[in-house]
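Written out below as structure tokens is the structure these notes cover.
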Amino acid sequence: MTRLTRRKDKPHSGIGAAAGLALCAAFAGLLPDPARAAPDGETGFVLNTFAFLIWGALVMWMCAGFTMLEAGSVRTKNVSVICLKNIGLYSIASLSYYLIGYNIMYVGVDPGGWFGSLSLFYGSTADELALLAGADGAAATVIAGADYSTMSDWFFQMVFVATTASIISGTLAERVRLWSFFLFVIALTAFIYPVVGAWTWGGGWLGEMGFQDFAGSTIVHSTGGWAALTGAVILGARRGKFREDGTVRQMPPSNVPIVTLGVFILWFGWFGFNGGSQLALGSAVDAVAISIILANTNIAAAAGVVAALCVSKPILGRIDLLASLNGAIAGLVAITAGPDLIAHHWAIVIGGIGGVIAVAGSKAMDMLRIDDVVGAVPAHLFAGIWGTLAVCIAGGGDFLTQLSGILAIGGFVFVASGIVWLIIDRVIGIRISERAEALGQDVVELGIEAYPEFVAIPDPDDT
Amino acid sequence: MTRLTRRKDKPHSGIGAAAGLALCAAFAGLLPDPARAAPDGETGFVLNTFAFLIWGALVMWMCAGFTMLEAGSVRTKNVSVICLKNIGLYSIASLSYYLIGYNIMYVGVDPGGWFGSLSLFYGSTADELALLAGADGAAATVIAGADYSTMSDWFFQMVFVATTASIISGTLAERVRLWSFFLFVIALTAFIYPVVGAWTWGGGWLGEMGFQDFAGSTIVHSTGGWAALTGAVILGARRGKFREDGTVRQMPPSNVPIVTLGVFILWFGWFGFNGGSQLALGSAVDAVAISIILANTNIAAAAGVVAALCVSKPILGRIDLLASLNGAIAGLVAITAGPDLIAHHWAIVIGGIGGVIAVAGSKAMDMLRIDDVVGAVPAHLFAGIWGTLAVCIAGGGDFLTQLSGILAIGGFVFVASGIVWLIIDRVIGIRISERAEALGQDVVELGIEAYPEFVAIPDPDDT
Amino acid sequence: MTRLTRRKDKPHSGIGAAAGLALCAAFAGLLPDPARAAPDGETGFVLNTFAFLIWGALVMWMCAGFTMLEAGSVRTKNVSVICLKNIGLYSIASLSYYLIGYNIMYVGVDPGGWFGSLSLFYGSTADELALLAGADGAAATVIAGADYSTMSDWFFQMVFVATTASIISGTLAERVRLWSFFLFVIALTAFIYPVVGAWTWGGGWLGEMGFQDFAGSTIVHSTGGWAALTGAVILGARRGKFREDGTVRQMPPSNVPIVTLGVFILWFGWFGFNGGSQLALGSAVDAVAISIILANTNIAAAAGVVAALCVSKPILGRIDLLASLNGAIAGLVAITAGPDLIAHHWAIVIGGIGGVIAVAGSKAMDMLRIDDVVGAVPAHLFAGIWGTLAVCIAGGGDFLTQLSGILAIGGFVFVASGIVWLIIDRVIGIRISERAEALGQDVVELGIEAYPEFVAIPDPDDT
């Protein structure tokens with residue numbers, strides 16, 4: 001079973017994007033076109049649009065999940081800064097994707113091309129504005145011209161770019177400078193992610209090759225993971241993390257319940273992430289598909305938890321809540337490339353292996369002496385690669401094509417991110433001062449402590 | 001007014017369940033069949049399916065609510081373990097209900113029978129798979145064969161079994177062993193709850209008797225409550241809870257804001273719990289019914305808060321936030337058996353009495369020297385019994401039938417849970433060591449403290 | 001472009017409200033009537049009703065956001081009480097708006113009038129009850145008589161009144177007495193807010209004048225802000241906040257991550273707040289409008305964060321997380337009066353200026369020596385005024401009309417709130433004792449500390 005790409009199959013006016021119908025024709029007919037099968041044009045339009053909005057709102061909520069996960073995972077002295085990074089990155093992503101990113105990713109991408117329009121801003125079509133102004137017959141024109149409203153699609157795509165950026169802040173926590181991080185977020189959300197998106201969901205060359213990534217195991221999660229990994233290598237580890245004698249210092253989470261809350265938020269929001277990626281709700285086939293997607297998403301996450309729980313003792317030496325939580329995320333990432341293709345018992349396998357990868361990957365990162373504060377690289381990058389390959393299990397993707405996509409996107413993001421990180425480092429520096437690292441970013445960069453009234457145990461490395 | 005049972009009124013292929021239509025005929029016609037009244041077959045199918053998914057996602061979110069409620073209610077030394085129990089129980093419930101539980105509860109239950117199929121796994125029907133594969137005319141076949149997709153129903157029912165398990169972890173917190181608890185969860189979610197469900201929503205003997213429990217005051221909440229109570233009696237109280245001089249030691253919550261957050265999450269999620277239990281959205285009668293359900297759900301919870309607040313001073317000797325929070329839950333549990341039947345002013349009465357029951361019930365538990373860490377037995381079991389009887393107020397149920405259902409389910413769950421707890425205790429033990437109880441489960445069972453950087457006041461009983 | 005008022009355009013039976021159609025006629029035709037354009041009567045009815053419920057549930061969730069925001073913002077000694085105030089105010093608002101408030105606001109308001117019915121209770125129409133009872137043809141009658149179910153509208157309006165009350169608890173935290181606050185909430189939710197609502201959304205004189213406030217920048221947020229400001233002036237500042245030497249003592253938030261969580265919850269819930277205020281989902285025009293509304297809501301909030309972040313250093317002397325968080329809220333409040341009218345780049349401007357207003361307004365409040373614990377007056381009142389005027393940018397409102405509405409509502413709420421606060425003060429007092437302020441409300445009013453196990457740094461003013 002092959003799926004439609006995420007590409008919108010209709011151009012919209014106002015931006016000048018008229019290209020890109022040819023590609024879609026190649027995919028058409030393999031599945032009944034969802035919106036076309038809708039019982040009624042206007043009802044289908046309304047349902048498709050509403051689905052983008054409500055599922056998109058759930059994906060926006062995932063940013064709160066990343067925030068809680070990261071705020072609980074860092075030490076108390078860096079909690080306020082990580083909160084600011086998260087609400088800041090979501091805001092920056094919203095604006096830069098509106099100003100630039102969406103156009104690069106979706107507007108006027110040539111079939112098989114590399115990127116779309118460099119125009120600024122985005123907005124409703126002229127037909128939609130006519131509809132809002134009450135023009136006669138405008139509803140029919142709008143419905144004939146698109147399966148959902150322009151801005152509902154923008155909203156749904158926008159929350160995905162924010163997710164990509166969220167992955168990075170966790171890995172680099174406790175040592176990356178606030179403004180340097182924000183500069184990187186601008187580059188990621190305005191250019192790097194949109195280019196990856198143009199290659200695939202936008203209808204570019206990887207999409208044309210047949211690369212399959214339903215909701216973004218690679219396009220979203222590995223992209224974020226590669227950018228995080230690149231940053232972690234360039235930034236270096238937190239002071240005291242890897243001791244000269246080769247041992248690794250545990251720097252445990254400062255607030256475990258909010259880490260747990262964060263994972264629950266992500267799990268909940270992932271129903272929107274994967275369910276909304278069906279891109280339609282206006283027909284029975286969509287309804288059936290989304291049901292399967294949500295069931296598989298849930299089952300894979302559950303399997304990730306159970307698998308990580310079972311292997312945490314042999315691999316890490318303890319029954320580990322944090323491993324289980326990361327196992328949930330890894331299970332979710334792994335199923336994201338093909339939640340609609342996989343039979344439910346395969347979802348157990350895919351999610352479970354994802355959970356094992358998260359635990360073993362964390363161990364491997366420690367051995368490689370790469371410091372990833374929240375384990376985002378194992379959960380999002382390693383499990384994302386696994387999930388993208390696992391699509392082939394159901395025959396939904398060709399192994400070499402999938403591998404090509406993984407390598408191409410990985411190579412591009414690694415190089416582009418590296419260049420951006422190095423430029424920022426050269427110009428303003430990316431690492432906080434030793435003093436800031438010792439005293440904490442909250443005091444030095446913000447002047448706002450996260451828990452000012454609680455007596456804290458001093459950090460042994462900082463006294 | 002009598003309602004349709006929660007039973008699916010169409011068999012589905014792939015599992016071999018062909019039985020069970022006769023019962024439904026007995027209920028049909030009393031209310032206009034919701035999906036049948038839909039304006040259009042496909043639109044109705046889509047709306048019904050989507051309702052299961054979005055309401056079900058809200059119910060899944062309730063697990064985060066239980067987690068926050070419990071993580072805030074226990075002492076700091078046991079917080080990480082309760083987080084692990086909660087994400088673990090949700091994961092286990094997801095898998096075991098997929099593997100076994102759903103089939104016992106819904107597949108091939110004979111009219112008036114005791115349980116369904118012992119087959120493994122569950123999945124989409126052959127017609128649905130044909131639809132996804134693009135077969136001609138498949139949409140019509142699917143819509144003619146069912147009012148919603150197979151897996152959307154599974155998803156919605158699955159989150160209910162997780163709720164049942166969530167109730168138990170709170171009562172038994174701070175003293176039950178992690179793995180023993182997980183074993184019990186397997187038994188509960190694969191067998192005990194599904195059998196109760198088969199008797200009622202699955203179309204078995206209690207459903208045939210006319211037992212009315214719209215969204216599960218008894219079937220979900222009392223089942224969880226009975227299992228919790230049984231466990232609490234067998235486990236015994238936390239060390240130092242009930243002193244030899246007859247006084248009770250307060251062991252206050254360690255983190256009140258997240259307890260409050262947990263209750264807000266539950267309240268929010270309950271709109272899905274009760275609203276989704278209409279099992280349809282495809283017609284005007286469904287829309288009107290769900291509106292009434294949500295209004296009553298909210299009003300009953302509000303009344304539970306206000307009533308608990310008012311009686312907490314006379315009963316407990318203080319104006320009590322925790323009593324008010326538990327009052328919200330008790331109000332919600334109480335209205336759950338008949339939120340569609342009750343006029344709104346009766347919702348105030350039912351929820352308010354629920355709130356009073358929660359407060360008085362907590363006092364009674366202390367007098368009985370049964371240790372319930374979060375007050376789940378009063379809120380879920382006692383208020384669940386009240387709510388199930390209160391259905392009769394609106395003429396929606398026969399008092400003796402309701403009482404029979406309460407007693408039958410209570411007796412079964414009490415005995416079955418007791419047997420399971422005792423077997424687990426015999427084989428691996430259910431209670432943590434005295435050392436673990438003194439030092440905390442987080443250190444002894446996991447090696448992960450919840451708040452490692454905050455200086456904590458030592459527990460007077462443990463030093 | 002002019003919009004329909006929020007007024008229901010059909011009377012409903014059971015309450016005796018038959019007035020009020022004439023006004024709506026004046027607005028009709030300017031926009032295609034949403035529900036009328038629906039593809040099918042019953043489908044439109046279902047979609048409109050469902051939209052009220054699901055968006056309304058998101059707005060209810062905002063109460064959890066206010067709770068977390070406030071619980072994290074106060075000092076540890078007052079956290080439990082603020083949690084109780086919040087769950088209490090939501091409960092009281094639910095009940096009083098059901099008993100009294102809704103009728104004053106929406107039932108039988110004369111065109112151009114001042115308030116509606118003083119009758120008690122509210123409920124489904126006779127036609128809806130007939131539909132539930134299975135009467136022949138009832139569905140057609142219900143659909144012909146209304147565009148959505150009666151109680152779905154009640155549910156959606158009810159969560160708005162709760163939002164209004166939530167604004168107040170933050171400003172007055174740490175010094176207002178629990179029961180006095182609850183008495184004020186009764187007055188606000190049963191009378192003050194419903195009267196403001198009757199003037200506007202209910203079809204009263206301000207609505208007739210053409211006052212434009214789509215989702216309530218003034219009607220909800222400024223009303224809450226004025227009531228909070230009035231209370232703050234009458235209550236006075238917290239002990240030690242404004243020193244005799246003219247300096248201001250910072251009283252930093254005790255738990256920054258949950259403040260951040262609170263803001264994310266509000267942002268998420270605001271999609272329901274603004275999106276649901278379209279009051280319909282049953283046609284393409286609604287779908288397009290809601291898409292624009294959600295995009296603008298998100299963009300304005302993002303701009304508020306970025307703007308507040310940029311101006312916090314020059315205005316406050318530090319890069320400030322809390323300013324950024326309040327900037328998000330201010331951006332959301334500012335866009336709320338016209339999220340459907342504004343082109344997206346204007347949303348950046350409106351939200352960004354909102355963010356600047358929040359930061360500068362906090363500074364101004366300090367200079368005026370008015371103590372607002374969470375900065376609610378700048379974010380909700382000042383930014384609400386800005387947003388209500390900003391509607392004119394898009395030509396959606398007349399400047400003088402908008403100003404008249406702001407002044408009329410501000411004057412009324414200021415006077416009415418002042419009278420209520422003074423009466424409560426006279427009868428039972430509104431300010432806690434000096435002892436309670438020193439020891440904390442949690443110990444003195446409740447006997448439940450929020451974090452009893454953590455060692456806290458003593459407050460220098462209290463020892």
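Chain identifiers are assigned as A, B, and so on, following the order in which chains appear in the structure tokens; residues are numbered from 1 within each chain, and ligands are numbered from 1 in order of appearance.
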Chain A residues near chain B (7 Å cut-off, only C-alpha atoms) as a ChimeraX atom specification: /A:1,31-32,39,254-257,260-261,264,268,283-285,287-288,291-292,295,299,302-303,305-306,318-321,454-457
Among range 9-183 of chain C, which ones does DSSP assign to helix (DSSP H, G or I) (computed from the backbone)? Answer as an NGL selection string. :C and (21-27 or 35-37 or 41-73 or 76-106 or 126-132 or 138-145 or 150-171 or 178-183)
Could you check the closest approach to Val259 in chain B for each of B:Gly276, B:Gly352, B:Gly396, B:Gly170 and tell me which residue wins, using only C-alpha atoms?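 The answer is B:Gly170, which sits nearest to Val259 in chain B.
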Quick one, how far is CA of Glu244 in chain A from CA of Ala364 in chain A? 17.8 Å
Skip range 380-390 of chain B itself and residues of its chain fewer than 2 positions away, then list as an mmCIF file with N, CA, C and O atoms, in the first residue's frame all residues within 6 Å of it, counting only C-alpha atoms.
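The resulting result-v4.cif:
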data_model
loop_
_atom_site.group_PDB
_atom_site.id
_atom_site.type_symbol
_atom_site.label_atom_id
_atom_site.label_comp_id
_atom_site.auth_asym_id
_atom_site.auth_seq_id
_atom_site.Cartn_x
_atom_site.Cartn_y
_atom_site.Cartn_z
ATOM 1 N N SER B 217 -20.016 4.162 36.507
ATOM 2 C CA SER B 217 -19.867 4.412 37.946
ATOM 3 C C SER B 217 -19.497 3.121 38.663
ATOM 4 O O SER B 217 -18.639 3.108 39.540
ATOM 5 N N THR B 218 -20.175 2.055 38.285
ATOM 6 C CA THR B 218 -19.881 0.760 38.890
ATOM 7 C C THR B 218 -18.876 -0.022 38.054
ATOM 8 O O THR B 218 -17.896 -0.553 38.585
ATOM 9 N N HIS B 221 -15.503 2.528 37.878
ATOM 10 C CA HIS B 221 -14.989 3.145 39.106
ATOM 11 C C HIS B 221 -15.116 2.230 40.313
ATOM 12 O O HIS B 221 -14.193 2.118 41.106
ATOM 13 N N SER B 222 -16.264 1.583 40.460
ATOM 14 C CA SER B 222 -16.369 0.678 41.602
ATOM 15 C C SER B 222 -15.496 -0.551 41.410
ATOM 16 O O SER B 222 -14.937 -1.076 42.384
ATOM 17 N N GLY B 225 -12.331 0.543 42.481
ATOM 18 C CA GLY B 225 -12.393 0.778 43.916
ATOM 19 C C GLY B 225 -12.377 -0.509 44.728
ATOM 20 O O GLY B 225 -11.695 -0.607 45.751
ATOM 21 N N ALA B 330 -15.438 12.622 43.278
ATOM 22 C CA ALA B 330 -16.632 11.890 43.712
ATOM 23 C C ALA B 330 -17.874 12.384 42.987
ATOM 24 O O ALA B 330 -18.751 11.585 42.615
ATOM 25 N N VAL B 333 -17.672 10.817 39.563
ATOM 26 C CA VAL B 333 -17.992 9.385 39.605
ATOM 27 C C VAL B 333 -19.495 9.192 39.777
ATOM 28 O O VAL B 333 -20.108 8.347 39.116
ATOM 29 N N ALA B 334 -20.093 9.995 40.652
ATOM 30 C CA ALA B 334 -21.507 9.805 40.964
ATOM 31 C C ALA B 334 -22.403 10.053 39.748
ATOM 32 O O ALA B 334 -23.398 9.370 39.553
ATOM 33 N N ILE B 335 -22.054 11.038 38.934
ATOM 34 C CA ILE B 335 -22.913 11.370 37.788
ATOM 35 C C ILE B 335 -22.684 10.413 36.629
ATOM 36 O O ILE B 335 -23.497 10.354 35.692
ATOM 37 N N ALA B 337 -22.954 7.272 36.120
ATOM 38 C CA ALA B 337 -23.896 6.199 35.797
ATOM 39 C C ALA B 337 -25.081 6.686 34.970
ATOM 40 O O ALA B 337 -25.712 5.885 34.272
ATOM 41 N N GLY B 354 -22.283 13.080 46.353
ATOM 42 C CA GLY B 354 -21.020 12.398 46.076
ATOM 43 C C GLY B 354 -19.866 13.049 46.830
ATOM 44 O O GLY B 354 -19.034 12.362 47.428
ATOM 45 N N ALA B 376 -9.085 7.069 47.183
ATOM 46 C CA ALA B 376 -9.726 6.571 45.966
ATOM 47 C C ALA B 376 -10.937 5.705 46.264
ATOM 48 O O ALA B 376 -11.913 5.705 45.504
ATOM 49 N N VAL B 377 -10.901 4.958 47.351
ATOM 50 C CA VAL B 377 -12.040 4.101 47.667
ATOM 51 C C VAL B 377 -13.285 4.933 47.958
ATOM 52 O O VAL B 377 -14.353 4.675 47.379
ATOM 53 N N PRO B 378 -13.193 5.963 48.792
ATOM 54 C CA PRO B 378 -14.392 6.803 48.964
ATOM 55 C C PRO B 378 -14.858 7.450 47.665
ATOM 56 O O PRO B 378 -16.062 7.451 47.366
ATOM 57 N N CYS B 392 -31.788 5.708 39.459
ATOM 58 C CA CYS B 392 -33.210 5.439 39.650
ATOM 59 C C CYS B 392 -34.007 6.727 39.860
ATOM 60 O O CYS B 392 -35.216 6.767 39.615
ATOM 61 N N ILE B 393 -33.358 7.770 40.322
ATOM 62 C CA ILE B 393 -34.063 9.035 40.560
ATOM 63 C C ILE B 393 -34.766 9.512 39.298
ATOM 64 O O ILE B 393 -35.893 9.999 39.340
#
Which residues, written as a compact mmCIF listing (two decimals) with N, CA, C and O atoms, in the first residue's frame, have at least one atom at most 12 Å from Gly236 in chain C, with only C-alpha atoms counted and residues fewer than 2 positions away on the same chain left out?
# COMPACT_ATOMS: atom_id res chain seq x y z
N THR C 171 -4.31 38.20 40.79
CA THR C 171 -3.94 39.55 41.24
C THR C 171 -4.01 39.68 42.76
O THR C 171 -3.14 40.30 43.38
N LEU C 172 -5.03 39.09 43.33
CA LEU C 172 -5.29 39.30 44.76
C LEU C 172 -4.66 38.25 45.65
O LEU C 172 -4.95 38.19 46.86
N ALA C 173 -3.83 37.40 45.05
CA ALA C 173 -3.29 36.27 45.81
C ALA C 173 -2.49 36.73 47.02
O ALA C 173 -2.01 37.86 47.08
N GLU C 174 -2.37 35.84 47.97
CA GLU C 174 -1.51 35.99 49.14
C GLU C 174 -2.03 36.96 50.18
O GLU C 174 -1.35 37.23 51.18
N ARG C 175 -3.24 37.54 49.95
CA ARG C 175 -3.75 38.44 50.99
C ARG C 175 -5.26 38.50 51.08
O ARG C 175 -5.81 38.96 52.07
N VAL C 176 -5.98 38.01 50.07
CA VAL C 176 -7.44 38.06 50.17
C VAL C 176 -7.94 36.81 50.90
O VAL C 176 -7.40 35.71 50.72
N ALA C 228 -10.26 42.78 39.18
CA ALA C 228 -9.01 42.51 39.90
C ALA C 228 -8.36 43.81 40.37
O ALA C 228 -7.90 43.92 41.51
N LEU C 229 -8.35 44.79 39.49
CA LEU C 229 -7.72 46.07 39.83
C LEU C 229 -8.45 46.73 41.00
O LEU C 229 -7.82 47.22 41.95
N THR C 230 -9.77 46.72 40.93
CA THR C 230 -10.55 47.29 42.02
C THR C 230 -10.23 46.59 43.34
O THR C 230 -9.99 47.25 44.37
N GLY C 231 -10.20 45.28 43.28
CA GLY C 231 -9.87 44.53 44.49
C GLY C 231 -8.48 44.85 45.00
O GLY C 231 -8.25 44.99 46.21
N ALA C 232 -7.53 44.98 44.07
CA ALA C 232 -6.14 45.25 44.48
C ALA C 232 -6.01 46.60 45.16
O ALA C 232 -5.27 46.76 46.14
N VAL C 233 -6.75 47.57 44.67
CA VAL C 233 -6.69 48.90 45.27
C VAL C 233 -7.30 48.88 46.67
O VAL C 233 -6.75 49.44 47.62
N ILE C 234 -8.42 48.21 46.80
CA ILE C 234 -9.10 48.18 48.09
C ILE C 234 -8.34 47.32 49.10
O ILE C 234 -8.21 47.67 50.28
N ARG C 238 0.68 43.43 49.36
CA ARG C 238 1.20 42.49 50.35
C ARG C 238 2.18 43.21 51.29
O ARG C 238 2.90 44.11 50.84
N ARG C 239 2.22 42.78 52.50
CA ARG C 239 3.14 43.35 53.48
C ARG C 239 4.57 43.26 52.96
O ARG C 239 5.02 42.19 52.57
N GLY C 240 5.25 44.38 52.93
CA GLY C 240 6.65 44.37 52.53
C GLY C 240 6.88 44.54 51.05
O GLY C 240 8.03 44.64 50.62
N LYS C 241 5.85 44.54 50.25
CA LYS C 241 6.01 44.64 48.81
C LYS C 241 6.58 46.01 48.42
O LYS C 241 7.54 46.09 47.65
N PHE C 242 5.96 47.06 48.93
CA PHE C 242 6.42 48.42 48.61
C PHE C 242 7.03 49.02 49.86
O PHE C 242 6.34 49.32 50.83
N LEU C 368 2.87 52.73 40.51
CA LEU C 368 1.62 53.17 41.15
C LEU C 368 1.41 52.49 42.50
O LEU C 368 0.42 52.76 43.18
N ARG C 369 2.34 51.61 42.83
CA ARG C 369 2.29 50.88 44.10
C ARG C 369 0.98 50.09 44.25
O ARG C 369 0.38 50.02 45.32
N ILE C 370 0.56 49.50 43.14
CA ILE C 370 -0.57 48.56 43.18
C ILE C 370 0.02 47.17 42.99
O ILE C 370 0.77 46.91 42.04
N ASP C 371 -0.32 46.28 43.90
CA ASP C 371 0.32 44.97 43.94
C ASP C 371 -0.52 43.94 43.18
O ASP C 371 -1.63 43.60 43.60
N ASP C 372 0.01 43.47 42.07
CA ASP C 372 -0.68 42.48 41.23
C ASP C 372 0.25 41.28 41.13
O ASP C 372 1.23 41.29 40.38
N VAL C 373 -0.07 40.23 41.87
CA VAL C 373 0.89 39.14 42.08
C VAL C 373 1.35 38.51 40.77
O VAL C 373 2.51 38.16 40.60
N ILE C 430 -12.06 41.49 54.04
CA ILE C 430 -11.52 40.83 52.85
C ILE C 430 -10.03 40.51 52.97
O ILE C 430 -9.50 39.73 52.21
N ARG C 431 -9.38 41.10 53.98
CA ARG C 431 -7.93 40.89 54.08
C ARG C 431 -7.61 39.94 55.22
O ARG C 431 -8.18 40.02 56.30
N ILE C 432 -6.68 39.06 54.96
CA ILE C 432 -6.27 38.12 56.00
C ILE C 432 -5.51 38.87 57.09
O ILE C 432 -5.06 40.00 56.89
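Straight-line separation from CA of Ile409 in chain C to CA of Ile219 in chain C: 7.6 Å.
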Leaving out Gly355 in chain C and any residue of its chain fewer than 4 positions from it, which residues lie within 7 Å of it when counting only C-alpha atoms, given as an NGL selection string? :C and (304-305 or 307-308 or 327-328 or 330-331 or 351 or 359)
Compile the contact shell of range 417-419 of chain B as JSON, numbers by chain: residues with an atom at most 8 Å away, counting only C-alpha atoms, same-chain residues fewer than 2 positions apart removed. {"B": [188, 192, 227, 230, 231, 234, 413, 414, 415, 421, 422, 423]}
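Our summary of the geometry notes that CA of Gly112 in chain C is positioned 11.8 Å from CA of Phe211 in chain C.
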Within 7 Å of Ala215 in chain C, counting only C-alpha atoms, which residues qualify if same-chain residues fewer than 3 places away don't, as a ChimeraX atom specification? /C:273-274,277,336-337
Give me a file of those residues, with N, CA, C and O atoms, as an mmCIF file, in the first residue's frame.
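Output file out_14.cif is given in full below:
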data_model
loop_
_atom_site.group_PDB
_atom_site.id
_atom_site.type_symbol
_atom_site.label_atom_id
_atom_site.label_comp_id
_atom_site.auth_asym_id
_atom_site.auth_seq_id
_atom_site.Cartn_x
_atom_site.Cartn_y
_atom_site.Cartn_z
ATOM 1 N N PHE C 273 -11.039 29.018 23.036
ATOM 2 C CA PHE C 273 -11.634 30.303 23.422
ATOM 3 C C PHE C 273 -11.966 31.134 22.185
ATOM 4 O O PHE C 273 -13.094 31.619 22.030
ATOM 5 N N ASN C 274 -11.006 31.301 21.320
ATOM 6 C CA ASN C 274 -11.235 32.110 20.117
ATOM 7 C C ASN C 274 -11.890 31.302 18.996
ATOM 8 O O ASN C 274 -12.801 31.785 18.327
ATOM 9 N N SER C 277 -15.508 30.738 19.521
ATOM 10 C CA SER C 277 -16.334 31.949 19.464
ATOM 11 C C SER C 277 -16.857 32.255 18.067
ATOM 12 O O SER C 277 -17.660 33.176 17.893
ATOM 13 N N THR C 336 -7.850 38.730 20.835
ATOM 14 C CA THR C 336 -9.139 38.105 21.116
ATOM 15 C C THR C 336 -10.334 38.922 20.638
ATOM 16 O O THR C 336 -11.382 38.361 20.310
ATOM 17 N N ALA C 337 -10.182 40.229 20.553
ATOM 18 C CA ALA C 337 -11.323 41.043 20.111
ATOM 19 C C ALA C 337 -11.607 40.914 18.627
ATOM 20 O O ALA C 337 -12.723 41.188 18.187
#
